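Structure first, then comments.
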Amino acid sequence: MQVTSPPITARIADGVSSIPAAQWQACAGTGDPFLSHGFLAALEASKSVGGRSGWQALPIVVDGDDGAPAAIAPAYAKAHSQGEYVFDHGWADAWERAGGSYYPKLQIAVPFTPVPGSRLLLRDPALAPALIAAIEAVTVQSELSSAHATFVAPNQIALFEAAGWLIRQGTQYHWTNDGYQDFDGFLAALSSRKRKAIRKERAAAVEGLAIRHLAGPDITARHWDAFWAFYQDTGARKWGRPYLERSFFPLIGEALGDRVLLILAERDGVPIAGALNLIGDDALYGRYWGCCEDVPFLHFELCYYQAIDAAIARGLQRVEAGAQGEHKLARGYSPIATWSAHYIPDANFRRAIADFLVRERAAVAQEQEFLCELTPFRKA
């Protein structure tokens with residue numbers, strides 16, 4: 001006697017905000033602030049996504065027997081490839097030259113956030129294959145070129161691979177807390193030359209400045225105004241127009257409370273630079289930085305060294321300081337692999353990308369091996 005499993009129906013929600021926060025959190029959990037209902041809904045409420053941003057929030061939902069979401073993919077229809085940090089512009093150009101339309105595509109991600117995390121939010125883990133199948137169905141039925149799950153947590157990448165998605169490897173730089181009691185304990189693990197260089201950098205960076213760590217209700221409108229100016233300056237220099245709107249910052253401050261950490265450098269009581277971090281269950285995530293006064297080494301101090309101080313004080317396992325940046329190696333951050341998964345319905349296009357990824361992965365692995373030799377830790 002053959003038993004056939006009942007079909008599973010998925011739906012597309014009208015944004016994260018349309019799903020009750022408690023139902024979203026039941027799938028997403030509480031450890032990752034970027035996957036929280038508060039963070040993602042703030043992107044929508046501030047108009048950082050939606051409208052003319054090129055990001056349209058379309059969460060894909062599989063409901064459980066109780067009628068509440070049991071599995072959710074944080075999905076977005078994308079009209080471009082900006083704000084993703086896994087670069088597929090070459091793929092888009094190739095598809096367009098072949099006569100296809102690469103955009104819109106489907107992105108399973110946290111917008112503007114190169115932080116590895118779950119891309120299948122599962123109240124019922126058994127629904128992972130069904131949720132991936134739903135993502136594929138949306139892609140095909142909507143006649144989209146492709147679907148991309150970026151910065152996928154390592155423990156979920158096998159689920160996409162089992163479904164036949166193409167897997168891509170990248171590199172980030174994370175600091176790992178090896179049980180350090182304080183910053184000097186961390187420095188003791190470095191070579192003498194690197195230890196002296198970091199102490200010299202820190203002293204030069206903070207000369208004449210006061211460093212303040214603010215969290216939760218201690219962050220006021222005045223602090224957000226200052227940070228907004230910093231963020232705009234950095235965003236304008238890096239990508240032309242900052243991705244986030246002004247109202248986003250107080251919205252996450254209200255929604256996430258003490259999980260938001262703002263580190264400011266002040267001269268005579270006036271903020272001149274700042275770094276915004278979010279705090280998870282086991283990691284501190286550095287997100288944005290900016291300044292209105294050019295001070296040598298201050299970027300390293302606020303974004304890397306102060307982040308290490310904060311992580312040690314909170315007993316966190318690591319600091320993730322964002323995408324790219326080989327300069328992080330000299331500051332005690334080590335190369336780690338990041339992963340993305342890609343669904344390409346067209347067989348010929350998929351074959352070409354698969355060939356490219358084989359070559360790219362070999363190059364990335366070789367580069368990571370080389371980078372590991374450049375870390376500042378004392379060699380055994």
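For the structure tokens, the naming scheme is as follows: chains receive sequential letters (A, B, ...) according to their order of presentation, residues are indexed from 1 within each chain, and ligands are indexed from 1 in presentation order.
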
As a compact mmCIF listing (two decimals) with all heavy atoms, in the first residue's frame, please: every residue in range 162-223 of chain A that a backbone DSSP assignment puts in strand (DSSP E or B).
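Contents of the output file states.txt:
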```
# COMPACT_ATOMS: atom_id res chain seq x y z
N LEU A 166 22.71 25.67 -6.68
CA LEU A 166 24.14 25.88 -6.83
C LEU A 166 24.68 26.61 -5.61
O LEU A 166 24.05 27.56 -5.12
CB LEU A 166 24.44 26.68 -8.09
CG LEU A 166 23.95 26.08 -9.41
CD1 LEU A 166 24.25 27.02 -10.57
CD2 LEU A 166 24.57 24.71 -9.65
N ILE A 167 25.83 26.20 -5.12
CA ILE A 167 26.39 26.74 -3.88
C ILE A 167 27.62 27.59 -4.22
O ILE A 167 28.50 27.16 -4.96
CB ILE A 167 26.77 25.61 -2.90
CG1 ILE A 167 25.56 24.70 -2.68
CG2 ILE A 167 27.26 26.21 -1.59
CD1 ILE A 167 24.30 25.40 -2.18
N ARG A 168 27.64 28.78 -3.62
CA ARG A 168 28.73 29.71 -3.85
C ARG A 168 29.42 30.04 -2.53
O ARG A 168 28.76 30.19 -1.50
CB ARG A 168 28.20 31.00 -4.49
CG ARG A 168 29.28 31.94 -4.99
CD ARG A 168 28.69 33.16 -5.68
NE ARG A 168 29.72 33.91 -6.40
CZ ARG A 168 29.50 35.05 -7.04
NH1 ARG A 168 28.28 35.59 -7.06
NH2 ARG A 168 30.48 35.66 -7.67
N GLN A 169 30.72 30.14 -2.56
CA GLN A 169 31.51 30.41 -1.35
C GLN A 169 32.10 31.81 -1.42
O GLN A 169 32.52 32.27 -2.47
CB GLN A 169 32.63 29.37 -1.20
CG GLN A 169 33.42 29.50 0.09
CD GLN A 169 34.45 28.39 0.23
OE1 GLN A 169 34.47 27.45 -0.54
NE2 GLN A 169 35.30 28.50 1.24
N GLY A 170 32.13 32.48 -0.28
CA GLY A 170 32.77 33.78 -0.17
C GLY A 170 33.61 33.84 1.10
O GLY A 170 33.79 32.84 1.80
N THR A 171 34.10 35.04 1.42
CA THR A 171 34.98 35.21 2.57
C THR A 171 34.58 36.44 3.36
O THR A 171 34.29 37.49 2.78
CB THR A 171 36.45 35.36 2.14
OG1 THR A 171 36.85 34.21 1.39
CG2 THR A 171 37.37 35.53 3.34
N GLN A 172 34.53 36.31 4.67
CA GLN A 172 34.42 37.44 5.59
C GLN A 172 35.51 37.32 6.64
O GLN A 172 36.25 36.33 6.69
CB GLN A 172 33.04 37.48 6.26
CG GLN A 172 31.94 38.07 5.43
CD GLN A 172 30.66 38.29 6.21
OE1 GLN A 172 30.52 37.87 7.37
NE2 GLN A 172 29.70 38.94 5.58
N TYR A 173 35.57 38.34 7.51
CA TYR A 173 36.58 38.36 8.58
C TYR A 173 35.87 38.54 9.91
O TYR A 173 35.19 39.54 10.14
CB TYR A 173 37.59 39.49 8.33
CG TYR A 173 38.28 39.36 7.00
CD1 TYR A 173 37.74 39.95 5.86
CD2 TYR A 173 39.43 38.59 6.88
CE1 TYR A 173 38.36 39.80 4.63
CE2 TYR A 173 40.06 38.44 5.65
CZ TYR A 173 39.51 39.04 4.53
OH TYR A 173 40.12 38.88 3.31
N HIS A 174 35.98 37.54 10.77
CA HIS A 174 35.35 37.56 12.08
C HIS A 174 36.41 37.46 13.18
O HIS A 174 37.45 36.82 12.99
CB HIS A 174 34.37 36.38 12.24
CG HIS A 174 33.22 36.41 11.27
ND1 HIS A 174 32.29 35.40 11.22
CD2 HIS A 174 32.85 37.32 10.34
CE1 HIS A 174 31.39 35.69 10.29
NE2 HIS A 174 31.72 36.85 9.73
N TRP A 175 36.12 38.09 14.30
CA TRP A 175 36.96 37.95 15.48
C TRP A 175 36.32 36.90 16.38
O TRP A 175 35.11 36.91 16.61
CB TRP A 175 37.07 39.27 16.22
CG TRP A 175 37.86 39.18 17.51
CD1 TRP A 175 39.20 39.25 17.65
CD2 TRP A 175 37.33 38.98 18.83
NE1 TRP A 175 39.55 39.12 18.97
CE2 TRP A 175 38.42 38.95 19.72
CE3 TRP A 175 36.03 38.84 19.34
CZ2 TRP A 175 38.26 38.78 21.09
CZ3 TRP A 175 35.88 38.64 20.70
CH2 TRP A 175 36.98 38.63 21.56
N THR A 176 37.15 36.00 16.92
CA THR A 176 36.66 34.93 17.78
C THR A 176 37.17 35.10 19.20
O THR A 176 38.37 35.32 19.41
CB THR A 176 37.09 33.56 17.23
OG1 THR A 176 36.58 33.40 15.91
CG2 THR A 176 36.56 32.43 18.11
N LEU A 190 48.69 37.57 20.42
CA LEU A 190 49.27 38.06 19.17
C LEU A 190 50.79 38.07 19.24
O LEU A 190 51.39 38.02 20.32
CB LEU A 190 48.77 39.48 18.88
CG LEU A 190 47.25 39.71 18.90
CD1 LEU A 190 46.94 41.14 18.50
CD2 LEU A 190 46.53 38.72 18.00
N ALA A 210 36.67 61.25 23.84
CA ALA A 210 35.99 60.39 24.80
C ALA A 210 35.17 59.38 24.02
O ALA A 210 34.49 59.73 23.05
CB ALA A 210 35.08 61.21 25.71
N ILE A 211 35.23 58.11 24.42
CA ILE A 211 34.49 57.03 23.76
C ILE A 211 33.31 56.65 24.64
O ILE A 211 33.48 56.37 25.83
CB ILE A 211 35.37 55.80 23.49
CG1 ILE A 211 36.65 56.21 22.74
CG2 ILE A 211 34.59 54.76 22.72
CD1 ILE A 211 36.41 56.81 21.38
N ARG A 212 32.12 56.62 24.06
CA ARG A 212 30.91 56.29 24.81
C ARG A 212 30.19 55.13 24.15
O ARG A 212 30.05 55.08 22.92
CB ARG A 212 29.97 57.50 24.88
CG ARG A 212 30.54 58.70 25.59
CD ARG A 212 29.51 59.83 25.64
NE ARG A 212 28.34 59.45 26.42
CZ ARG A 212 27.19 60.12 26.42
NH1 ARG A 212 27.05 61.21 25.65
NH2 ARG A 212 26.18 59.73 27.16
N HIS A 213 29.73 54.18 24.98
CA HIS A 213 28.90 53.08 24.52
C HIS A 213 27.47 53.35 24.99
O HIS A 213 27.21 53.45 26.20
CB HIS A 213 29.38 51.75 25.10
CG HIS A 213 30.67 51.26 24.51
ND1 HIS A 213 30.94 49.92 24.29
CD2 HIS A 213 31.77 51.94 24.07
CE1 HIS A 213 32.15 49.80 23.77
NE2 HIS A 213 32.67 51.01 23.63
N LEU A 214 26.55 53.44 24.05
CA LEU A 214 25.16 53.73 24.37
C LEU A 214 24.28 52.60 23.85
O LEU A 214 24.47 52.12 22.73
CB LEU A 214 24.71 55.05 23.74
CG LEU A 214 25.50 56.30 24.12
CD1 LEU A 214 25.06 57.47 23.26
CD2 LEU A 214 25.33 56.61 25.60
N ALA A 215 23.31 52.18 24.67
CA ALA A 215 22.40 51.11 24.25
C ALA A 215 20.99 51.43 24.72
O ALA A 215 20.79 52.17 25.70
CB ALA A 215 22.85 49.77 24.82
```

Quick one: which range 232-272 of chain A residues come within 12 Å of range 50-59 of chain A, and what is the nearest atom pair for each with the distance in Å to one decimal, counting only C-alpha atoms, rows ordered by chain and ascending number, as JSON lines?
```
{"residue": "A:Arg241", "atom": "CA", "partner": "A:Ser53", "partner_atom": "CA", "distance": 11.1}
{"residue": "A:Pro242", "atom": "CA", "partner": "A:Ser53", "partner_atom": "CA", "distance": 11.0}
{"residue": "A:Tyr243", "atom": "CA", "partner": "A:Ser53", "partner_atom": "CA", "distance": 8.3}
{"residue": "A:Leu244", "atom": "CA", "partner": "A:Ser53", "partner_atom": "CA", "distance": 9.8}
{"residue": "A:Glu245", "atom": "CA", "partner": "A:Ser53", "partner_atom": "CA", "distance": 10.7}
```

With C-alpha atoms retained, write the just-selected residues as a PDB file, in the first residue's frame.
```
ATOM      1  CA  ARG A 241      23.212  57.044  -2.029  1.00  0.00           C
ATOM      2  CA  PRO A 242      22.730  55.536   1.430  1.00  0.00           C
ATOM      3  CA  TYR A 243      20.346  52.582   1.432  1.00  0.00           C
ATOM      4  CA  LEU A 244      18.611  53.322   4.730  1.00  0.00           C
ATOM      5  CA  GLU A 245      16.214  56.165   5.519  1.00  0.00           C
TER       6      GLU A 245
END
```

Nearest to Glu84 in chain A, chosen from A:Ser340, A:Thr234, A:Thr220, A:Gln181, with only C-alpha atoms counted in the distances: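 Among the listed residues, the smallest separation from Glu84 in chain A belongs to A:Ser340.
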
Please tabulate, as JSON lines, the residues of range 218-322 of chain A that come within 10 Å of range 113-123 of chain A, each with its closest pair of atoms and the distance in Å to one decimal, counting only C-alpha atoms and ordering rows by chain, then residue number upward.
```
{"residue": "A:Tyr285", "atom": "CA", "partner": "A:Val115", "partner_atom": "CA", "distance": 7.9}
{"residue": "A:Gly286", "atom": "CA", "partner": "A:Val115", "partner_atom": "CA", "distance": 9.6}
{"residue": "A:Arg287", "atom": "CA", "partner": "A:Thr113", "partner_atom": "CA", "distance": 7.9}
{"residue": "A:Glu320", "atom": "CA", "partner": "A:Val115", "partner_atom": "CA", "distance": 7.6}
{"residue": "A:Ala321", "atom": "CA", "partner": "A:Val115", "partner_atom": "CA", "distance": 9.0}
{"residue": "A:Gly322", "atom": "CA", "partner": "A:Pro114", "partner_atom": "CA", "distance": 6.2}
```

Selected residues written out, all heavy atoms, as a tab-separated table (two decimals), in the first residue's frame:
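New file out-v3.tsv:
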```tsv
chain	number	residue	atom	x	y	z
A	285	TYR	N	27.48	42.32	16.06
A	285	TYR	CA	27.52	42.57	14.62
A	285	TYR	C	27.78	44.05	14.35
A	285	TYR	O	26.94	44.89	14.67
A	285	TYR	CB	26.20	42.17	13.97
A	285	TYR	CG	25.80	40.73	14.21
A	285	TYR	CD1	24.93	40.40	15.25
A	285	TYR	CD2	26.29	39.71	13.41
A	285	TYR	CE1	24.54	39.08	15.48
A	285	TYR	CE2	25.91	38.38	13.63
A	285	TYR	CZ	25.04	38.09	14.66
A	285	TYR	OH	24.67	36.78	14.89
A	286	GLY	N	28.93	44.35	13.79
A	286	GLY	CA	29.20	45.72	13.38
A	286	GLY	C	28.53	46.02	12.06
A	286	GLY	O	28.69	45.26	11.09
A	287	ARG	N	27.77	47.13	11.99
A	287	ARG	CA	27.02	47.39	10.77
A	287	ARG	C	27.44	48.67	10.05
A	287	ARG	O	27.83	48.63	8.91
A	287	ARG	CB	25.51	47.43	11.08
A	287	ARG	CG	24.91	46.09	11.43
A	287	ARG	CD	25.18	45.01	10.39
A	287	ARG	NE	24.78	45.41	9.06
A	287	ARG	CZ	25.59	45.51	8.02
A	287	ARG	NH1	26.89	45.23	8.14
A	287	ARG	NH2	25.15	45.88	6.84
A	320	GLU	N	31.35	40.00	14.22
A	320	GLU	CA	31.25	40.00	12.76
A	320	GLU	C	31.21	41.45	12.31
A	320	GLU	O	30.25	42.16	12.60
A	320	GLU	CB	30.02	39.24	12.29
A	320	GLU	CG	30.02	37.77	12.71
A	320	GLU	CD	28.89	36.98	12.09
A	320	GLU	OE1	28.30	37.47	11.10
A	320	GLU	OE2	28.58	35.89	12.60
A	321	ALA	N	32.24	41.87	11.59
A	321	ALA	CA	32.41	43.29	11.28
A	321	ALA	C	32.04	43.63	9.85
A	321	ALA	O	32.54	44.61	9.30
A	321	ALA	CB	33.84	43.71	11.57
A	322	GLY	N	31.17	42.83	9.23
A	322	GLY	CA	30.69	43.18	7.90
A	322	GLY	C	31.48	42.55	6.78
A	322	GLY	O	32.34	41.71	6.98
```

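Nearest residue to Ala109 in chain A among A:Ala188, A:Phe300, A:Leu35, A:Leu357 is A:Leu35, counting only C-alpha atoms.
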
With only C-alpha atoms as the counted atoms, please give the residues lying no more than 12 Å from Ser145 in chain A, apart from itself and same-chain residues fewer than 5 positions off, as a PyMOL selection string. chain A and resi 77-79+91-92+94-96+99-107+136+138-140+342-347+349-350

Counting only C-alpha atoms, the residue of A:Asn177, A:Asp218, A:Arg378, A:Asp88 that sits nearest Val319 in chain A: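 Among A:Asn177, A:Asp218, A:Arg378, A:Asp88, it is A:Asn177 that comes nearest to Val319 in chain A.
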
For Asp184 in chain A, the nearest of the candidates A:Ile312, A:Ala153, A:Ala42, A:Ile336, counting only C-alpha atoms: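 Checking each of A:Ile312, A:Ala153, A:Ala42, A:Ile336 against Asp184 in chain A, counting only C-alpha atoms, the winner is A:Ile312.
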
Report as a short mmCIF file (atom, residue, chain, number, x, y, z; two decimals) with N, CA, C and O atoms, in the first residue's frame all protein, DNA and RNA residues lying within 12 Å of Gly269 in chain A, evaluated on only C-alpha atoms, omitting residues in the same chain fewer than 2 positions from it.
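Listing of selection31.cif after writing:
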```
data_model
loop_
_atom_site.label_atom_id
_atom_site.label_comp_id
_atom_site.auth_asym_id
_atom_site.auth_seq_id
_atom_site.Cartn_x
_atom_site.Cartn_y
_atom_site.Cartn_z
N GLY A 208 42.61 62.88 22.93
CA GLY A 208 41.74 64.04 22.96
C GLY A 208 40.27 63.73 22.79
O GLY A 208 39.43 64.65 22.73
N LEU A 209 39.91 62.44 22.75
CA LEU A 209 38.52 62.03 22.53
C LEU A 209 37.99 61.24 23.71
O LEU A 209 38.74 60.63 24.47
N ALA A 210 36.67 61.25 23.84
CA ALA A 210 35.99 60.39 24.80
C ALA A 210 35.17 59.38 24.02
O ALA A 210 34.49 59.73 23.05
N ILE A 211 35.23 58.11 24.42
CA ILE A 211 34.49 57.03 23.76
C ILE A 211 33.31 56.65 24.64
O ILE A 211 33.48 56.37 25.83
N ARG A 212 32.12 56.62 24.06
CA ARG A 212 30.91 56.29 24.81
C ARG A 212 30.19 55.13 24.15
O ARG A 212 30.05 55.08 22.92
N HIS A 223 21.47 61.69 19.50
CA HIS A 223 22.50 60.74 19.08
C HIS A 223 22.20 60.21 17.67
O HIS A 223 23.11 60.06 16.85
N LEU A 264 30.16 55.94 20.20
CA LEU A 264 30.44 57.28 19.71
C LEU A 264 31.82 57.75 20.19
O LEU A 264 32.25 57.42 21.30
N ALA A 265 32.48 58.50 19.33
CA ALA A 265 33.68 59.24 19.72
C ALA A 265 33.30 60.71 19.81
O ALA A 265 32.74 61.27 18.86
N GLU A 266 33.60 61.34 20.95
CA GLU A 266 33.22 62.73 21.17
C GLU A 266 34.46 63.59 21.43
O GLU A 266 35.39 63.16 22.12
N ARG A 267 34.43 64.77 20.87
CA ARG A 267 35.45 65.76 21.16
C ARG A 267 34.76 66.95 21.84
O ARG A 267 33.86 67.55 21.27
N PRO A 271 29.75 64.62 19.36
CA PRO A 271 30.10 63.42 18.60
C PRO A 271 30.75 63.78 17.26
O PRO A 271 30.25 64.63 16.52
N ILE A 272 31.88 63.12 16.96
CA ILE A 272 32.54 63.34 15.68
C ILE A 272 32.59 62.06 14.84
O ILE A 272 32.92 62.10 13.65
N ALA A 273 32.25 60.91 15.45
CA ALA A 273 32.26 59.64 14.72
C ALA A 273 31.41 58.64 15.50
O ALA A 273 31.23 58.78 16.71
#
```

Alpha helix (DSSP H) per DSSP on the backbone: members of range 31-211 of chain A, as a PyMOL selection string: chain A and resi 37-45+89-97+128-141+154-162+183-187+192-206
